[in-house]
file my_file-v7.pdb (PDB, C-alpha atoms and all ligand atoms)
ATOM      1  CA  MET A  24      14.947  -7.058   2.038
ATOM      2  CA  GLU A  25      13.566  -5.338  -1.040
ATOM      3  CA  LEU A  26       9.986  -5.524  -2.270
ATOM      4  CA  SER A  27      11.257  -7.202  -5.436
ATOM      5  CA  ASP A  28      12.610 -10.066  -3.279
ATOM      6  CA  VAL A  29       9.155 -10.969  -1.937
ATOM      7  CA  GLY A  30       7.893 -12.685  -5.077
ATOM      8  CA  PRO A  31       4.311 -13.769  -5.680
ATOM      9  CA  VAL A  32       1.978 -14.084  -2.688
ATOM     10  CA  ARG A  33      -0.641 -16.843  -2.455
ATOM     11  CA  VAL A  34      -4.019 -15.669  -1.146
ATOM     12  CA  GLY A  35      -6.833 -18.198  -0.840
ATOM     13  CA  GLY A  36      -5.431 -20.364  -3.611
ATOM     14  CA  ILE A  37      -4.731 -17.458  -5.981
ATOM     15  CA  GLU A  38      -1.167 -16.369  -6.681
ATOM     16  CA  TYR A  39      -0.897 -12.573  -6.717
ATOM     17  CA  SER A  40       2.121 -11.081  -8.443
ATOM     18  CA  ILE A  41       3.741  -8.000  -6.933
ATOM     19  CA  SER A  42       4.790  -5.187  -9.207
ATOM     20  CA  GLU A  43       6.542  -1.923  -8.477
ATOM     21  CA  GLU A  44       5.137   0.732 -10.772
ATOM     22  CA  THR A  45       7.377   3.560 -11.947
ATOM     23  CA  GLU A  46       4.477   5.443 -13.595
ATOM     24  CA  PRO A  47       1.846   7.053 -11.314
ATOM     25  CA  PHE A  48      -1.536   5.311 -11.286
ATOM     26  CA  SER A  49      -4.969   6.444 -10.114
ATOM     27  CA  ASN A  50      -8.320   5.057  -9.043
ATOM     28  CA  ASP A  51     -11.566   5.616 -10.986
ATOM     29  CA  GLU A  52     -12.016   9.007  -9.293
ATOM     30  CA  GLY A  53      -8.600  10.167 -10.514
ATOM     31  CA  THR A  54      -6.915  10.060  -7.094
ATOM     32  CA  GLU A  55      -3.267   9.067  -7.351
ATOM     33  CA  LEU A  56      -2.580   5.843  -5.448
ATOM     34  CA  MET A  57       0.411   4.454  -3.530
ATOM     35  CA  GLY A  58      -0.843   0.921  -4.037
ATOM     36  CA  GLU A  59      -3.610  -1.032  -5.666
ATOM     37  CA  VAL A  60      -4.898  -4.572  -5.962
ATOM     38  CA  ARG A  61      -6.122  -5.725  -9.372
ATOM     39  CA  TYR A  62      -8.322  -8.724  -8.663
ATOM     40  CA  ASP A  63      -8.865  -9.389 -12.372
ATOM     41  CA  MET A  64      -5.110  -9.577 -12.941
ATOM     42  CA  ALA A  65      -4.255 -11.176  -9.543
ATOM     43  CA  GLN A  66      -1.799  -8.339  -9.096
ATOM     44  CA  LEU A  67      -0.625  -6.195  -6.187
ATOM     45  CA  ARG A  68       0.796  -2.893  -7.413
ATOM     46  CA  VAL A  69       3.015  -0.594  -5.354
ATOM     47  CA  ARG A  70       4.364   2.765  -6.444
ATOM     48  CA  SER A  71       8.135   2.415  -6.698
ATOM     49  CA  SER A  72       8.999   6.085  -6.095
ATOM     50  CA  MET A  73       7.565   6.201  -2.570
ATOM     51  CA  ASN A  74       9.769   6.151   0.528
ATOM     52  CA  ALA A  75      10.962   2.595   1.254
ATOM     53  CA  GLN A  76       9.640   2.780   4.838
ATOM     54  CA  LEU A  77       6.085   3.087   3.509
ATOM     55  CA  LYS A  78       6.143   0.173   1.087
ATOM     56  CA  PRO A  79       5.589  -2.698   3.577
ATOM     57  CA  GLY A  80       2.445  -1.020   4.919
ATOM     58  CA  VAL A  81       1.133  -0.344   1.416
ATOM     59  CA  LEU A  82       1.784  -3.934   0.337
ATOM     60  CA  PHE A  83       0.161  -5.248   3.532
ATOM     61  CA  HIS A  84      -2.848  -2.979   2.937
ATOM     62  CA  GLU A  85      -3.368  -4.259  -0.609
ATOM     63  CA  LEU A  86      -2.871  -7.807   0.649
ATOM     64  CA  LEU A  87      -5.684  -7.291   3.165
ATOM     65  CA  HIS A  88      -7.953  -6.187   0.312
ATOM     66  CA  ALA A  89      -7.010  -9.378  -1.577
ATOM     67  CA  ILE A  90      -7.642 -11.561   1.502
ATOM     68  CA  LEU A  91     -11.078 -10.014   2.055
ATOM     69  CA  TYR A  92     -11.941 -10.298  -1.642
ATOM     70  CA  GLN A  93     -10.896 -13.945  -1.795
ATOM     71  CA  ALA A  94     -13.076 -14.541   1.288
ATOM     72  CA  GLY A  95     -16.122 -13.193  -0.552
ATOM     73  CA  HIS A  96     -16.105  -9.581   0.633
ATOM     74  CA  MET A  97     -16.248  -7.906  -2.768
ATOM     75  CA  LYS A  98     -17.001  -4.446  -1.359
ATOM     76  CA  GLN A  99     -14.752  -3.404   1.499
ATOM     77  CA  LYS A 100     -14.889  -0.448   3.812
ATOM     78  CA  GLU A 101     -11.600   1.449   3.414
ATOM     79  CA  SER A 102     -11.595   2.554   7.070
ATOM     80  CA  VAL A 103     -11.764  -1.098   8.212
ATOM     81  CA  VAL A 104      -8.903  -2.101   5.907
ATOM     82  CA  LEU A 105      -6.818   0.844   7.158
ATOM     83  CA  ALA A 106      -7.540  -0.081  10.796
ATOM     84  CA  LEU A 107      -6.487  -3.682  10.140
ATOM     85  CA  GLU A 108      -3.369  -2.528   8.277
ATOM     86  CA  TYR A 109      -2.091  -0.309  11.073
ATOM     87  CA  GLY A 110      -3.365  -2.515  13.894
ATOM     88  CA  LEU A 111      -2.080  -5.854  12.638
ATOM     89  CA  LEU A 112       1.293  -4.537  11.460
ATOM     90  CA  ASP A 113       1.817  -2.737  14.756
ATOM     91  CA  VAL A 114       0.937  -5.791  16.865
ATOM     92  CA  LEU A 115       3.114  -8.106  14.762
ATOM     93  CA  ARG A 116       6.076  -5.698  14.796
ATOM     94  CA  GLN A 117       5.889  -5.053  18.528
ATOM     95  CA  ASN A 118       5.431  -8.639  19.624
ATOM     96  CA  PRO A 119       8.162 -10.899  18.249
ATOM     97  CA  ARG A 120       7.294 -13.663  20.725
ATOM     98  CA  LEU A 121       3.693 -13.625  19.498
ATOM     99  CA  VAL A 122       4.957 -13.886  15.911
ATOM    100  CA  ASP A 123       7.045 -16.851  17.029
ATOM    101  CA  TYR A 124       4.100 -18.467  18.829
ATOM    102  CA  LEU A 125       1.828 -18.031  15.802
ATOM    103  CA  GLY A 126       4.431 -19.834  13.696
ATOM    104  CA  LEU A 127       5.112 -16.801  11.496
ATOM    105  CA  LYS A 128       8.839 -16.687  12.137
ATOM    106  CA  LYS A 129      11.000 -18.638   9.717
ATOM    107  CA  GLU A 130      13.145 -21.237  11.485
ATOM    108  CA  GLY A 131      16.928 -20.846  11.396
TER     109      GLY A 131
HETATM  110 ZN    ZN A 201      -7.437   0.316   0.462
END

call {"tool": "encode", "arguments": {"input": "my_file-v7.pdb", "output": "structure tokens", "more": "lines below"}}
Ligand SMILES: [Zn+2]
result
Amino acid sequence: MELSDVGPVRVGGIEYSISEETEPFSNDEGTELMGEVRYDMAQLRVRSSMNAQLKPGVLFHELLHAILYQAGHMKQKESVVLALEYGLLDVLRQNPRLVDYLGLKKEG
């Protein structure tokens, strides 16, 4: 499945679009980013030129920022978001029966 097949993602009642950016983009400090969430635009941006294996993690990371923001955490500690990104993705990927039990697996 490609990133472009995912479509918009609903977070706390807000529909975030997903866009793959061909042009590099940076944060306010000028650091080039692999992904970014634009709360004002309800947009999750992922750099299209990066290795395809990295994109799910980057999307998941930006999604976590959106989830926290929608839950009222306007300022987020990057180390906590990174820990949740790696930790949650790893647990979900390694435990298909847990994913099933949590109702995250699509039937059929
Ligand atoms: Zn982040």

call {"tool": "closest_residue", "arguments": {"input": "my_file-v7.pdb", "among": "A:Gln76, A:Gly35, A:Arg68, A:Glu108", "to": "Gly95 (chain A)", "atoms": "only C-alpha atoms"}}
result
A:Gly35

call {"tool": "closest_residue", "arguments": {"input": "my_file-v7.pdb", "among": "A:Leu26, A:Leu115, A:Leu56, A:Ala75", "to": "Glu43 (chain A)", "atoms": "all atoms listed in the file"}}
result
A:Leu26

call {"tool": "resolve_selection", "arguments": {"input": "my_file-v7.pdb", "expression": "the PyMOL selection byres (((not hetatm)) within 10 of (chain A and resi 201))", "output": "ChimeraX atom specification"}}
result
/A:56-60,81,83-89,99-105,108

call {"tool": "residues_around", "arguments": {"input": "my_file-v7.pdb", "residues": "region 121-128 of chain A", "least_positions_apart": "5", "cutoff": "12 Å", "atoms": "all atoms listed in the file", "output": "short mmCIF file (atom, residue, chain, number, x, y, z; two decimals) with C-alpha atoms, keeping the file's coordinate frame"}}
result
data_model
loop_
_atom_site.label_atom_id
_atom_site.label_comp_id
_atom_site.auth_asym_id
_atom_site.auth_seq_id
_atom_site.Cartn_x
_atom_site.Cartn_y
_atom_site.Cartn_z
CA LEU A 111 -2.08 -5.85 12.64
CA LEU A 112 1.29 -4.54 11.46
CA ASP A 113 1.82 -2.74 14.76
CA VAL A 114 0.94 -5.79 16.86
CA LEU A 115 3.11 -8.11 14.76
CA ARG A 116 6.08 -5.70 14.80
#

call {"tool": "closest_residue", "arguments": {"input": "my_file-v7.pdb", "among": "A:Tyr39, A:Ala106, A:Thr45, A:Pro119", "to": "Ser72 (chain A)", "atoms": "all atoms listed in the file"}}
result
A:Thr45

call {"tool": "atom_distance", "arguments": {"input": "my_file-v7.pdb", "atom1": "CA of Met73 (chain A)", "atom2": "CA of Val29 (chain A)"}}
result
17.3 Å

call {"tool": "atom_distance", "arguments": {"input": "my_file-v7.pdb", "atom1": "CA of Ser71 (chain A)", "atom2": "CA of Glu44 (chain A)"}}
result
5.3 Å

call {"tool": "resolve_selection", "arguments": {"input": "my_file-v7.pdb", "expression": "the PyMOL selection byres (((chain A and resi 33) around 12) and not hetatm)", "output": "compact mmCIF listing (two decimals) with C-alpha atoms, in the coordinates of the input"}}
result
# COMPACT_ATOMS: atom_id res chain seq x y z
CA VAL A 29 9.15 -10.97 -1.94
CA GLY A 30 7.89 -12.68 -5.08
CA PRO A 31 4.31 -13.77 -5.68
CA VAL A 32 1.98 -14.08 -2.69
CA VAL A 34 -4.02 -15.67 -1.15
CA GLY A 35 -6.83 -18.20 -0.84
CA GLY A 36 -5.43 -20.36 -3.61
CA ILE A 37 -4.73 -17.46 -5.98
CA GLU A 38 -1.17 -16.37 -6.68
CA TYR A 39 -0.90 -12.57 -6.72
CA SER A 40 2.12 -11.08 -8.44
CA ILE A 41 3.74 -8.00 -6.93
CA ALA A 65 -4.26 -11.18 -9.54
CA GLN A 66 -1.80 -8.34 -9.10
CA LEU A 67 -0.62 -6.20 -6.19
CA LEU A 86 -2.87 -7.81 0.65
CA ALA A 89 -7.01 -9.38 -1.58
CA ILE A 90 -7.64 -11.56 1.50
CA GLN A 93 -10.90 -13.94 -1.80

call {"tool": "atom_distance", "arguments": {"input": "my_file-v7.pdb", "atom1": "CA of Arg61 (chain A)", "atom2": "CA of Met24 (chain A)"}}
result
24.0 Å
